[in-house]
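Novice: Sharing start17.cif, mmCIF, C-alpha atoms:
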```
data_work
loop_
_atom_site.label_atom_id
_atom_site.label_comp_id
_atom_site.auth_asym_id
_atom_site.auth_seq_id
_atom_site.Cartn_x
_atom_site.Cartn_y
_atom_site.Cartn_z
CA MET A 1 144.38 52.05 -53.98
CA THR A 2 146.89 51.57 -56.82
CA SER A 3 145.98 50.43 -60.30
CA ASN A 4 147.24 46.93 -59.40
CA ASP A 5 144.88 46.87 -56.42
CA ALA A 6 141.87 47.90 -58.50
CA PRO A 7 138.98 45.42 -58.72
CA PRO A 8 139.22 42.94 -61.60
CA ASP A 9 136.21 44.52 -63.32
CA GLY A 10 137.97 47.91 -63.26
CA ARG A 11 141.13 46.48 -64.79
CA ARG A 12 139.14 44.74 -67.51
CA LEU A 13 137.30 47.97 -68.28
CA ARG A 14 140.57 49.88 -68.59
CA ARG A 15 142.01 47.21 -70.88
CA LEU A 16 138.87 47.36 -73.01
CA LEU A 17 138.96 51.15 -73.23
CA SER A 18 142.66 51.08 -74.09
CA GLN A 19 141.76 49.22 -77.30
CA PHE A 20 139.76 52.26 -78.43
CA SER A 21 142.61 54.76 -78.70
CA VAL A 22 145.38 55.66 -81.13
CA ASP A 23 148.37 53.32 -81.26
CA LEU A 24 151.47 55.55 -81.32
CA ALA A 25 154.00 52.71 -81.56
CA PRO A 26 155.26 53.61 -85.08
CA TRP A 27 155.79 57.22 -84.02
CA HIS A 28 157.87 56.18 -81.00
CA SER A 29 159.88 53.43 -82.68
CA SER A 30 160.72 54.83 -86.13
CA ARG A 31 162.62 58.09 -86.70
CA ASP A 32 161.93 57.95 -90.44
CA PHE A 33 158.20 57.49 -89.87
CA ARG A 34 158.20 60.60 -87.67
CA LEU A 35 159.96 62.59 -90.40
CA LEU A 36 157.66 61.33 -93.14
CA TRP A 37 154.52 61.86 -91.05
CA SER A 38 155.57 65.40 -90.09
CA ALA A 39 156.40 66.33 -93.68
CA GLY A 40 153.00 65.10 -94.81
CA ALA A 41 151.20 66.93 -92.02
CA ILE A 42 152.79 70.22 -93.10
CA THR A 43 152.20 69.65 -96.81
CA VAL A 44 148.55 68.67 -96.47
CA PHE A 45 147.57 72.10 -95.14
CA GLY A 46 149.44 73.87 -97.92
CA SER A 47 147.87 71.59 -100.52
CA PHE A 48 144.39 72.45 -99.31
CA LEU A 49 145.24 76.13 -99.69
CA THR A 50 146.01 75.59 -103.37
CA LEU A 51 143.06 73.21 -103.77
CA VAL A 52 140.76 76.08 -102.79
CA ALA A 53 142.78 78.93 -104.35
CA VAL A 54 143.00 77.55 -107.92
CA PRO A 55 139.21 77.20 -108.47
CA LEU A 56 138.67 80.54 -106.74
CA GLN A 57 141.17 82.27 -109.02
CA LEU A 58 139.67 80.61 -112.10
CA LYS A 59 136.25 81.85 -111.05
CA GLN A 60 137.62 85.37 -110.59
CA LEU A 61 139.36 85.33 -113.97
CA THR A 62 136.69 83.62 -116.10
CA GLY A 63 133.39 83.63 -114.22
CA SER A 64 132.75 80.21 -115.82
CA SER A 65 131.75 77.08 -113.91
CA LEU A 66 132.84 75.03 -116.94
CA ALA A 67 136.33 76.51 -116.73
CA VAL A 68 136.52 75.51 -113.08
CA GLY A 69 135.24 72.00 -113.79
CA LEU A 70 137.87 71.42 -116.48
CA ILE A 71 140.57 71.37 -113.79
CA GLY A 72 139.43 67.87 -112.79
CA ALA A 73 139.64 66.67 -116.39
CA VAL A 74 143.15 68.12 -116.78
CA GLU A 75 144.31 66.26 -113.66
CA LEU A 76 142.83 62.86 -114.53
CA VAL A 77 145.08 61.73 -117.40
CA PRO A 78 148.40 62.53 -115.62
CA LEU A 79 147.05 60.76 -112.53
CA VAL A 80 146.46 57.53 -114.46
CA LEU A 81 149.63 57.53 -116.55
CA CYS A 82 152.05 58.82 -113.93
CA GLY A 83 150.54 56.68 -111.17
CA LEU A 84 151.52 53.50 -113.00
CA TRP A 85 154.91 54.87 -114.07
CA GLY A 86 155.56 56.15 -110.57
CA GLY A 87 155.07 52.60 -109.32
CA VAL A 88 157.73 51.33 -111.72
CA LEU A 89 160.16 54.06 -110.64
CA ALA A 90 159.48 53.29 -106.97
CA ASP A 91 160.71 49.74 -107.52
CA ALA A 92 163.75 50.76 -109.59
CA MET A 93 165.08 53.83 -107.72
CA ASP A 94 165.97 54.95 -104.23
CA ARG A 95 162.50 55.76 -102.93
CA ARG A 96 163.80 58.54 -100.71
CA LYS A 97 165.34 60.34 -103.71
CA LEU A 98 162.16 59.96 -105.74
CA VAL A 99 160.00 61.31 -102.91
CA VAL A 100 162.29 64.33 -102.33
CA ARG A 101 162.59 65.17 -106.03
CA SER A 102 158.82 64.90 -106.56
CA GLU A 103 158.24 67.14 -103.56
CA LEU A 104 160.67 69.69 -105.00
CA ALA A 105 158.84 69.57 -108.34
CA GLN A 106 155.52 70.19 -106.64
CA GLY A 107 157.10 73.14 -104.82
CA VAL A 108 158.15 74.56 -108.20
CA CYS A 109 154.52 74.25 -109.30
CA ALA A 110 153.43 76.27 -106.26
CA ALA A 111 156.07 78.89 -107.12
CA ALA A 112 154.74 79.11 -110.70
CA LEU A 113 151.21 79.70 -109.40
CA LEU A 114 152.50 82.41 -107.10
CA LEU A 115 154.41 84.19 -109.88
CA ASN A 116 151.37 84.10 -112.17
CA ALA A 117 149.11 85.44 -109.40
CA LEU A 118 151.49 88.35 -108.77
CA LEU A 119 151.30 89.53 -112.40
CA PRO A 120 149.24 92.68 -113.06
CA HIS A 121 146.98 90.54 -115.26
CA PRO A 122 147.26 86.84 -114.30
CA ALA A 123 146.79 84.41 -117.18
CA VAL A 124 144.35 81.50 -117.17
CA TRP A 125 146.38 78.91 -119.10
CA PRO A 126 149.14 78.53 -116.45
CA LEU A 127 146.52 77.31 -113.98
CA TYR A 128 145.68 74.36 -116.22
CA VAL A 129 149.31 73.62 -117.08
CA VAL A 130 150.38 73.71 -113.43
CA ALA A 131 147.36 71.63 -112.36
CA GLY A 132 148.34 68.93 -114.85
CA LEU A 133 152.00 69.02 -113.82
CA ALA A 134 151.18 68.97 -110.10
CA SER A 135 148.91 65.96 -110.67
CA ALA A 136 151.71 64.24 -112.57
CA PHE A 137 154.37 64.87 -109.92
CA GLY A 138 152.00 63.90 -107.11
CA SER A 139 151.12 60.66 -108.89
CA LEU A 140 154.79 59.88 -109.49
CA GLN A 141 155.46 60.42 -105.79
CA ARG A 142 152.55 58.59 -104.20
CA PRO A 143 153.62 54.98 -104.97
CA SER A 144 157.02 55.66 -103.38
CA LEU A 145 155.39 57.18 -100.31
CA ASP A 146 153.13 54.14 -99.94
CA ALA A 147 156.03 51.75 -100.54
CA LEU A 148 158.24 53.48 -97.98
CA THR A 149 155.99 52.71 -95.02
CA PRO A 150 156.60 48.94 -94.78
CA GLN A 151 160.36 49.58 -95.00
CA ILE A 152 160.53 52.06 -92.12
CA VAL A 153 157.91 50.55 -89.77
CA ALA A 154 157.97 47.20 -87.98
CA HIS A 155 155.72 44.60 -89.61
CA ASP A 156 153.41 44.29 -86.60
CA GLN A 157 152.92 48.10 -86.56
CA LEU A 158 151.62 48.48 -90.12
CA THR A 159 147.98 48.88 -89.10
CA ALA A 160 148.96 51.49 -86.51
CA ALA A 161 151.03 53.33 -89.13
CA ALA A 162 148.07 53.36 -91.53
CA SER A 163 145.91 54.74 -88.73
CA LEU A 164 148.35 57.54 -87.92
CA THR A 165 148.67 58.46 -91.59
CA SER A 166 144.90 58.60 -91.82
CA LEU A 167 144.77 60.76 -88.69
CA ARG A 168 147.03 63.29 -90.39
CA TRP A 169 144.88 63.33 -93.51
CA ASN A 170 141.53 63.54 -91.73
CA VAL A 171 142.56 66.42 -89.49
CA GLY A 172 143.81 68.19 -92.59
CA ALA A 173 140.62 67.41 -94.51
CA ILE A 174 138.49 68.94 -91.76
CA ALA A 175 140.60 71.96 -90.81
CA GLY A 176 142.42 72.54 -94.11
CA PRO A 177 139.51 73.67 -96.32
CA ALA A 178 138.17 75.98 -93.62
CA LEU A 179 141.59 77.61 -93.15
CA ALA A 180 142.16 77.74 -96.90
CA GLY A 181 138.82 79.44 -97.50
CA VAL A 182 139.60 82.15 -94.95
CA VAL A 183 143.13 82.78 -96.29
CA ALA A 184 142.21 82.75 -99.99
CA THR A 185 139.14 84.98 -99.64
CA THR A 186 140.52 87.48 -97.12
CA ALA A 187 144.31 87.64 -97.58
CA GLY A 188 144.11 86.82 -101.28
CA VAL A 189 145.09 84.05 -103.67
CA PRO A 190 148.81 85.03 -103.84
CA VAL A 191 149.11 84.66 -100.07
CA ALA A 192 147.59 81.16 -100.27
CA TYR A 193 150.13 80.17 -102.95
CA ALA A 194 152.99 81.67 -100.93
CA ILE A 195 152.05 79.69 -97.83
CA ASP A 196 151.80 76.51 -99.91
CA LEU A 197 155.28 77.17 -101.30
CA GLY A 198 156.58 77.58 -97.74
CA THR A 199 155.09 74.26 -96.65
CA PHE A 200 156.83 72.49 -99.55
CA ALA A 201 160.15 74.02 -98.51
CA VAL A 202 159.76 72.68 -94.97
CA SER A 203 158.58 69.23 -96.10
CA VAL A 204 161.53 68.88 -98.49
CA LEU A 205 163.95 69.60 -95.65
CA LEU A 206 162.27 66.94 -93.49
CA MET A 207 162.19 64.34 -96.27
CA TYR A 208 165.84 65.00 -97.11
CA ARG A 209 166.74 63.72 -93.64
CA LEU A 210 165.22 60.29 -94.39
CA ARG A 211 167.67 57.43 -94.66
CA PRO A 212 168.36 56.17 -98.22
CA VAL A 213 166.03 53.38 -99.35
CA PRO A 214 167.83 51.70 -102.28
CA PRO A 215 165.94 49.39 -104.62
CA SER A 216 166.03 45.63 -104.38
CA PRO A 217 169.08 44.06 -106.05
CA SER A 218 166.68 42.17 -108.33
CA ALA A 219 164.70 45.30 -109.28
CA GLU A 220 163.70 45.63 -112.93
CA LYS A 221 164.64 48.67 -114.98
CA PRO A 222 161.77 51.12 -115.65
CA SER A 223 159.83 49.95 -118.70
CA VAL A 224 156.36 49.13 -119.94
CA GLY A 225 157.30 45.49 -119.44
CA ALA A 226 157.89 46.17 -115.76
CA ILE A 227 154.37 47.60 -115.50
CA VAL A 228 152.97 44.49 -117.17
CA ASP A 229 154.99 42.30 -114.82
CA GLY A 230 153.51 44.14 -111.84
CA LEU A 231 149.99 43.70 -113.20
CA ARG A 232 150.73 40.01 -113.76
CA TYR A 233 151.83 39.68 -110.13
CA ALA A 234 148.65 41.40 -108.94
CA ARG A 235 146.61 38.99 -111.04
CA SER A 236 148.31 36.06 -109.31
CA ARG A 237 147.09 37.31 -105.93
CA PRO A 238 143.26 36.98 -105.85
CA GLU A 239 143.05 38.44 -102.34
CA LEU A 240 144.74 41.61 -103.57
CA LEU A 241 142.48 41.75 -106.62
CA GLY A 242 139.57 41.50 -104.20
CA THR A 243 140.67 44.61 -102.29
CA TYR A 244 141.01 46.60 -105.53
CA ALA A 245 137.68 45.40 -106.91
CA VAL A 246 135.73 45.97 -103.69
CA ASP A 247 137.04 49.51 -103.27
CA LEU A 248 136.42 50.34 -106.94
CA ALA A 249 132.84 49.06 -106.74
CA ALA A 250 132.15 50.93 -103.51
CA MET A 251 133.35 54.24 -104.94
CA LEU A 252 131.83 53.76 -108.40
CA PHE A 253 128.32 53.02 -107.13
CA ALA A 254 128.17 54.98 -103.89
CA MET A 255 130.28 58.15 -104.04
CA PRO A 256 127.61 60.91 -103.87
CA THR A 257 129.59 64.13 -103.27
CA ALA A 258 128.84 65.52 -106.75
CA VAL A 259 125.15 65.90 -105.85
CA PHE A 260 125.59 67.27 -102.31
CA PRO A 261 124.70 70.85 -103.37
CA PHE A 262 121.45 69.58 -104.86
CA LEU A 263 120.74 67.34 -101.86
CA ALA A 264 121.10 70.31 -99.52
CA ASP A 265 118.54 72.19 -101.62
CA ARG A 266 116.11 69.24 -101.61
CA LEU A 267 116.32 69.13 -97.83
CA HIS A 268 115.81 72.92 -97.61
CA ALA A 269 119.07 73.11 -95.66
CA SER A 270 121.60 74.99 -97.75
CA TRP A 271 123.53 75.64 -94.51
CA SER A 272 124.34 71.92 -94.31
CA LEU A 273 126.41 71.73 -97.52
CA GLY A 274 129.76 72.28 -95.79
CA LEU A 275 128.84 69.75 -93.11
CA MET A 276 128.01 67.18 -95.79
CA TYR A 277 131.45 67.55 -97.35
CA ALA A 278 133.11 67.30 -93.93
CA SER A 279 131.05 64.33 -92.72
CA PHE A 280 133.19 61.63 -94.33
CA ALA A 281 136.34 63.06 -92.75
CA VAL A 282 134.62 63.30 -89.35
CA GLY A 283 133.63 59.62 -89.50
CA SER A 284 137.13 58.64 -90.58
CA LEU A 285 138.66 60.67 -87.79
CA LEU A 286 136.43 59.04 -85.17
CA VAL A 287 137.54 55.60 -86.32
CA THR A 288 141.18 56.67 -86.42
CA LEU A 289 141.09 58.01 -82.88
CA THR A 290 139.71 54.67 -81.63
CA SER A 291 141.69 52.36 -83.91
CA ARG A 292 144.03 50.51 -81.53
CA TRP A 293 141.64 47.52 -81.70
CA ALA A 294 142.45 47.10 -85.40
CA GLY A 295 145.89 45.75 -84.56
CA GLN A 296 144.24 42.70 -82.96
CA VAL A 297 142.34 41.77 -86.16
CA HIS A 298 143.83 39.14 -88.48
CA ARG A 299 141.02 38.44 -90.98
CA HIS A 300 141.64 41.64 -92.90
CA GLY A 301 139.82 40.58 -96.07
CA ARG A 302 136.57 40.01 -94.22
CA MET A 303 136.86 43.42 -92.60
CA VAL A 304 137.33 45.04 -96.01
CA VAL A 305 134.13 43.39 -97.25
CA TRP A 306 132.08 44.18 -94.16
CA ALA A 307 133.26 47.78 -94.18
CA ALA A 308 132.37 48.20 -97.86
CA LEU A 309 128.91 46.74 -97.22
CA ALA A 310 128.48 49.18 -94.32
CA TRP A 311 129.58 52.05 -96.57
CA GLY A 312 126.93 51.16 -99.16
CA ALA A 313 124.23 50.73 -96.53
CA ALA A 314 125.07 54.08 -94.93
CA ILE A 315 124.97 55.88 -98.30
CA ALA A 316 121.63 54.25 -99.06
CA GLY A 317 120.39 55.46 -95.67
CA ALA A 318 121.51 59.00 -96.50
CA GLY A 319 119.51 58.90 -99.73
CA LEU A 320 116.39 57.55 -98.04
CA SER A 321 116.50 59.96 -95.07
CA GLY A 322 114.31 63.02 -95.25
CA GLU A 323 115.82 64.77 -92.24
CA VAL A 324 119.10 66.58 -92.69
CA TRP A 325 120.51 65.42 -89.35
CA LEU A 326 119.85 61.80 -90.24
CA VAL A 327 121.57 62.38 -93.58
CA LEU A 328 124.63 63.82 -91.84
CA LEU A 329 124.69 60.94 -89.35
CA CYS A 330 124.60 58.42 -92.21
CA LEU A 331 127.43 60.23 -93.98
CA VAL A 332 129.54 60.19 -90.82
CA ALA A 333 128.88 56.45 -90.51
CA ALA A 334 129.87 55.99 -94.16
CA GLY A 335 133.13 57.85 -93.57
CA GLY A 336 133.89 55.62 -90.61
CA ALA A 337 133.21 52.48 -92.66
CA ASP A 338 135.46 53.74 -95.45
CA MET A 339 138.22 54.32 -92.91
CA VAL A 340 137.92 50.74 -91.62
CA SER A 341 138.15 49.46 -95.19
CA GLY A 342 141.18 51.66 -95.86
CA LEU A 343 142.98 50.53 -92.71
CA PHE A 344 142.74 46.85 -93.57
CA ARG A 345 143.37 47.28 -97.29
CA SER A 346 146.56 49.17 -96.45
CA THR A 347 147.59 46.52 -93.92
CA MET A 348 147.10 43.74 -96.47
CA TRP A 349 149.06 45.60 -99.13
CA ASN A 350 151.96 46.63 -96.91
CA GLY A 351 152.02 43.32 -95.06
CA THR A 352 152.12 40.91 -98.01
CA ILE A 353 153.61 42.56 -101.11
CA PRO A 354 157.40 42.07 -101.44
CA ASP A 355 159.64 45.13 -101.87
CA GLU A 356 160.44 44.39 -105.51
CA TYR A 357 156.74 44.76 -106.42
CA ARG A 358 155.54 47.19 -103.75
CA GLY A 359 155.96 50.34 -105.83
CA ARG A 360 154.25 49.00 -108.94
CA LEU A 361 151.30 47.70 -106.96
CA ALA A 362 151.11 51.00 -105.10
CA GLY A 363 150.59 52.53 -108.54
CA VAL A 364 147.70 50.14 -109.14
CA GLU A 365 146.29 50.98 -105.72
CA LEU A 366 146.50 54.69 -106.51
CA LEU A 367 144.23 54.09 -109.49
CA SER A 368 141.80 51.95 -107.50
CA TYR A 369 141.19 54.60 -104.84
CA SER A 370 141.50 57.67 -107.12
CA VAL A 371 139.75 56.80 -110.37
CA GLY A 372 136.83 55.10 -108.60
CA PRO A 373 135.62 58.25 -106.80
CA GLN A 374 135.94 60.34 -109.96
CA LEU A 375 133.89 57.87 -111.99
CA GLY A 376 131.46 57.72 -109.08
CA GLN A 377 130.91 61.46 -109.37
CA VAL A 378 129.91 60.99 -113.01
CA ARG A 379 127.59 58.14 -112.06
CA ALA A 380 125.90 60.12 -109.29
CA GLY A 381 125.41 63.25 -111.37
CA GLY A 382 124.16 61.39 -114.43
CA MET A 383 121.73 59.24 -112.48
CA ALA A 384 120.46 62.26 -110.54
CA ALA A 385 119.47 63.88 -113.82
CA VAL A 386 117.37 60.82 -114.69
CA VAL A 387 115.85 59.55 -111.42
CA GLY A 388 116.35 62.45 -109.02
CA VAL A 389 118.95 63.38 -106.44
CA ARG A 390 117.85 61.28 -103.47
CA ALA A 391 117.15 58.25 -105.65
CA SER A 392 120.59 58.58 -107.21
CA ILE A 393 122.12 58.34 -103.74
CA TRP A 394 120.11 55.47 -102.26
CA VAL A 395 120.09 53.40 -105.47
CA GLY A 396 123.86 53.82 -105.65
CA GLY A 397 124.23 52.68 -102.05
CA ALA A 398 122.05 49.64 -102.68
CA ALA A 399 123.98 48.83 -105.87
CA CYS A 400 127.21 49.01 -103.85
CA VAL A 401 125.89 46.44 -101.35
CA VAL A 402 124.86 44.08 -104.16
CA ALA A 403 128.14 44.51 -106.07
CA VAL A 404 130.35 44.02 -103.00
CA GLY A 405 128.36 40.96 -101.97
CA ALA A 406 128.77 39.47 -105.45
CA LEU A 407 132.52 40.18 -105.42
CA ALA A 408 132.90 38.57 -102.00
CA VAL A 409 131.23 35.40 -103.30
CA SER A 410 133.27 35.35 -106.51
CA LEU A 411 136.61 36.03 -104.74
CA PRO A 412 136.64 33.63 -101.77
CA ALA A 413 140.39 34.15 -101.28
CA LEU A 414 139.60 37.63 -99.95
CA LEU A 415 137.33 36.21 -97.25
CA ARG A 416 139.79 33.43 -96.41
CA TYR A 417 142.74 35.78 -95.96
CA ASP A 418 144.30 35.50 -92.49
CA ALA A 419 147.53 37.37 -91.68
CA ARG A 420 148.55 34.55 -89.31
CA THR A 421 148.56 31.87 -92.02
CA ASN A 422 148.87 33.64 -95.39
CA PRO A 423 152.20 32.54 -96.92
CA HIS A 424 152.92 35.98 -98.39
CA ALA A 425 152.33 37.66 -95.02
CA LEU A 426 154.48 35.10 -93.20
CA ALA A 427 157.35 35.43 -95.69
CA LEU A 428 157.36 39.23 -95.57
CA ARG A 429 157.10 39.25 -91.77
CA ALA A 430 160.16 36.99 -91.52
CA HIS A 431 162.03 39.21 -93.99
CA ARG A 432 161.19 42.38 -92.05
CA GLU A 433 162.17 40.85 -88.72
CA ALA A 434 165.53 39.83 -90.18
CA GLU A 435 166.06 43.36 -91.53
CA PHE A 436 165.24 45.04 -88.23
CA SER A 437 167.42 42.54 -86.35
CA ALA A 438 170.34 43.29 -88.68
CA GLU A 439 169.87 47.04 -88.22
CA ALA A 440 169.80 46.64 -84.45
CA THR A 441 173.03 44.63 -84.59
CA GLU A 442 174.74 47.32 -86.68
CA VAL A 443 173.69 50.02 -84.23
CA ALA A 444 174.87 47.99 -81.22
CA ALA A 445 178.20 46.95 -82.76
CA PRO A 446 180.06 50.28 -82.23
CA ALA A 447 178.93 50.40 -78.62
CA LEU A 448 180.17 46.89 -78.00
CA GLY A 449 183.47 47.71 -79.67
#
```
In structure tokens, what does this structure look like?

Specialist:
Amino acid sequence: MTSNDAPPDGRRLRRLLSQFSVDLAPWHSSRDFRLLWSAGAITVFGSFLTLVAVPLQLKQLTGSSLAVGLIGAVELVPLVLCGLWGGVLADAMDRRKLVVRSELAQGVCAAALLLNALLPHPAVWPLYVVAGLASAFGSLQRPSLDALTPQIVAHDQLTAAASLTSLRWNVGAIAGPALAGVVATTAGVPVAYAIDLGTFAVSVLLMYRLRPVPPSPSAEKPSVGAIVDGLRYARSRPELLGTYAVDLAAMLFAMPTAVFPFLADRLHASWSLGLMYASFAVGSLLVTLTSRWAGQVHRHGRMVVWAALAWGAAIAGAGLSGEVWLVLLCLVAAGGADMVSGLFRSTMWNGTIPDEYRGRLAGVELLSYSVGPQLGQVRAGGMAAVVGVRASIWVGGAACVVAVGALAVSLPALLRYDARTNPHALALRAHREAEFSAEATEVAAPALG
């Protein structure tokens, strides 16, 4: 019996199951997406090597937990300032050039770490200087990376592209730290830096092959005024403000990773600490691997709200659970919910923001999903000192649910958003279809001639 001869129930089951898989359409249809995805996949493993090696080397050199903790503080200010400025540059420059140059600069940072590590007596201060510079270059690059996607992927494949990008990150987040820990502790810190430098060299070569992505003819010159103009545009779009506010609230109130070491102790399961850190990535990966269904969803704003509510509820469940396996299950569920929120936030951003503003708003988005978790760490740690570890977690989760619910009520445009009727989505879809049609005509013209 062929597939066409299968019983109707069997065909329906196969169609249903096909919705719970990874949509590879952007990978097959876009050469530039393949290049960008591959470059990121290589870089992410190298970056995790350095992410583990720098704190390890600081610990070896100073023996101070405060010295290690200061790395985060050194990285925060460049992240904020360069994230916004990187958005302005992404709208005013060829995004390909900006991405390649930023990648080269980050490779130079890896080389500086390697040279310092090879000295007979490595110095401490270069670790802080390089950490700040790497944060700056990464923040300058990220808005251009985010803004590139809608220009190299068909409009109806944006959700699939976000899913594939997440797949790359989640696999790296699960396997990267484990590999980095083995390399840094056995082969040594210099070897970790050398491998990271090698990954940057490969990723630069891949990114260099991207097609040029010139700025819009109406692009503003880089200036503080351009930043203000981007913020003014964001303010005019209440559905976009809703995505930023919901994500910020979710991370501020319910990001508990700072207290995981203490939670593992309270549960008398110190062995579970690594699993706690990996749980979010596991949940995200599970959603990514079954994300084809997301392309059929049009009410993206509602999904962002529901996912954020589920995130808060799952974190509250982790705080209330007394069994370590229930805690881990709740954290996996929270990671999955966060992935759903991220998929639809990314789809809304890439599917409605015009090219001339995409970079600047990508800078705003960088702050919304980067600063929130860092402030959430402070909230979790401070509250744990007052009310206890488990209470800090479940109260934060409950506060997230209340805050997201209040935001949903106060920003009805987020709940009303529908990609089939939103004027910004319709206008950008028509623009993208015209661009892809023009490119197809140019490619076919020589053959016809």

Novice: Specify as a ChimeraX atom specification each residue included when the PyMOL selection byres ((chain A and resi 144-148) around 10) is applied to this file.

Specialist: /A:32-33,36,40,86-91,93-99,102,139-143,149-153,162,213,346,349-350,353-363,365-366

Novice: Which of these residues is nearest to Ala427 (chain A), using all atoms listed in the file: A:Leu286, A:Gly181, A:Gly351, A:Thr62?

Specialist: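 Of A:Leu286, A:Gly181, A:Gly351, A:Thr62, the one nearest Ala427 (chain A), counting all atoms listed in the file, is A:Gly351.
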
Novice: Using the chain letters and numbers from this file, what does the PyMOL selection byres ((chain A and resi 46) around 9) select? Give the answer as a list in words.

Specialist: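 Expected selection for the PyMOL selection byres ((chain A and resi 46) around 9) here is Ile42, Thr43, Val44, Phe45, Ser47, Phe48, Leu49, Thr50, Leu51, Gly176, Ala180, Ala192, Tyr193, Ile195, Asp196, Leu197, Gly198, Thr199 and Phe200 of chain A.
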
Novice: With all atoms listed in the file counted, which protein, DNA or RNA residues have an atom no more than 9 Å from (152.1, 61.7, -116.9) in the file frame? Please answer as a list in words.

Specialist: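 I get Val77, Pro78, Leu79, Val80, Leu81, Cys82, Gly83, Trp85, Gly132, Leu133, Ser135, Ala136, Phe137, Ser139 and Leu140 of chain A for the residues within 9 Å of that point.
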
Novice: Work out how far apart CA of Trp311 (chain A) and CA of Ala334 (chain A) are and give it in Å to one decimal.

Specialist: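 One can read the CA of Trp311 (chain A) to CA of Ala334 (chain A) distance as 4.6 Å.
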
Novice: I want to know what sits within 12 Å of Met303 (chain A), based on only C-alpha atoms, with residues of the same chain fewer than 2 positions away left out; could you give that as JSON, numbers by chain?

Specialist: {"A": [243, 246, 294, 297, 298, 299, 300, 301, 305, 306, 307, 308, 309, 310, 311, 337, 338, 339, 340, 341, 342, 343, 344, 345, 346, 347, 348, 408, 414, 415, 416, 417, 418]}

Novice: Calculated over all atoms listed in the file, which of the candidates A:Val364, A:Thr421, A:Tyr369, A:Pro261 has the smallest distance to Arg232 (chain A)?

Specialist: A:Val364

Novice: Hey, can you check how far CA of Gly312 (chain A) sits from CA of Val401 (chain A)?

Specialist: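 One can read the CA of Gly312 (chain A) to CA of Val401 (chain A) distance as 5.3 Å.
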
Novice: Carefully work through the PyMOL selection byres ((chain A and resi 219) around 7) for this structure and note down the residues it includes, as a ChimeraX atom specification.

Specialist: /A:91-92,215-218,220-221,356

Novice: Using Å and a single decimal, report how far CA of Ala406 (chain A) sits from CA of Gly336 (chain A).

Specialist: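 These atoms are spaced 22.5 Å apart.
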
Novice: Using all atoms listed in the file, which residue out of A:Ala53, A:Ala281, A:Ala105, A:Leu320 lies closest to Val191 (chain A)?

Specialist: A:Ala53

Novice: Since fewer atoms than expected are present, regenerate N, CA, C and O atoms for region 276-284 of chain A and write them as a PDB file, in the coordinates of the input.

Specialist:
```pdb
ATOM      1  N   MET A 276     128.055  68.404 -94.995  1.00  0.00           N
ATOM      2  CA  MET A 276     128.010  67.180 -95.790  1.00  0.00           C
ATOM      3  C   MET A 276     129.402  66.822 -96.307  1.00  0.00           C
ATOM      4  O   MET A 276     129.832  65.663 -96.242  1.00  0.00           O
ATOM      5  N   TYR A 277     130.111  67.816 -96.831  1.00  0.00           N
ATOM      6  CA  TYR A 277     131.450  67.550 -97.350  1.00  0.00           C
ATOM      7  C   TYR A 277     132.407  67.113 -96.237  1.00  0.00           C
ATOM      8  O   TYR A 277     133.324  66.318 -96.475  1.00  0.00           O
ATOM      9  N   ALA A 278     132.214  67.630 -95.038  1.00  0.00           N
ATOM     10  CA  ALA A 278     133.110  67.300 -93.930  1.00  0.00           C
ATOM     11  C   ALA A 278     132.743  65.997 -93.230  1.00  0.00           C
ATOM     12  O   ALA A 278     133.559  65.452 -92.473  1.00  0.00           O
ATOM     13  N   SER A 279     131.548  65.492 -93.479  1.00  0.00           N
ATOM     14  CA  SER A 279     131.050  64.330 -92.720  1.00  0.00           C
ATOM     15  C   SER A 279     131.918  63.099 -92.877  1.00  0.00           C
ATOM     16  O   SER A 279     132.183  62.376 -91.909  1.00  0.00           O
ATOM     17  N   PHE A 280     132.360  62.811 -94.113  1.00  0.00           N
ATOM     18  CA  PHE A 280     133.190  61.630 -94.330  1.00  0.00           C
ATOM     19  C   PHE A 280     134.469  61.711 -93.501  1.00  0.00           C
ATOM     20  O   PHE A 280     134.893  60.734 -92.881  1.00  0.00           O
ATOM     21  N   ALA A 281     135.097  62.896 -93.502  1.00  0.00           N
ATOM     22  CA  ALA A 281     136.340  63.060 -92.750  1.00  0.00           C
ATOM     23  C   ALA A 281     136.100  62.944 -91.245  1.00  0.00           C
ATOM     24  O   ALA A 281     136.938  62.405 -90.511  1.00  0.00           O
ATOM     25  N   VAL A 282     134.945  63.424 -90.772  1.00  0.00           N
ATOM     26  CA  VAL A 282     134.620  63.300 -89.350  1.00  0.00           C
ATOM     27  C   VAL A 282     134.489  61.828 -88.963  1.00  0.00           C
ATOM     28  O   VAL A 282     135.034  61.374 -87.946  1.00  0.00           O
ATOM     29  N   GLY A 283     133.767  61.052 -89.779  1.00  0.00           N
ATOM     30  CA  GLY A 283     133.630  59.620 -89.500  1.00  0.00           C
ATOM     31  C   GLY A 283     134.962  58.910 -89.529  1.00  0.00           C
ATOM     32  O   GLY A 283     135.255  58.067 -88.671  1.00  0.00           O
ATOM     33  N   SER A 284     135.797  59.246 -90.507  1.00  0.00           N
ATOM     34  CA  SER A 284     137.130  58.640 -90.580  1.00  0.00           C
ATOM     35  C   SER A 284     137.967  58.983 -89.369  1.00  0.00           C
ATOM     36  O   SER A 284     138.678  58.136 -88.822  1.00  0.00           O
TER      37      SER A 284
END
```
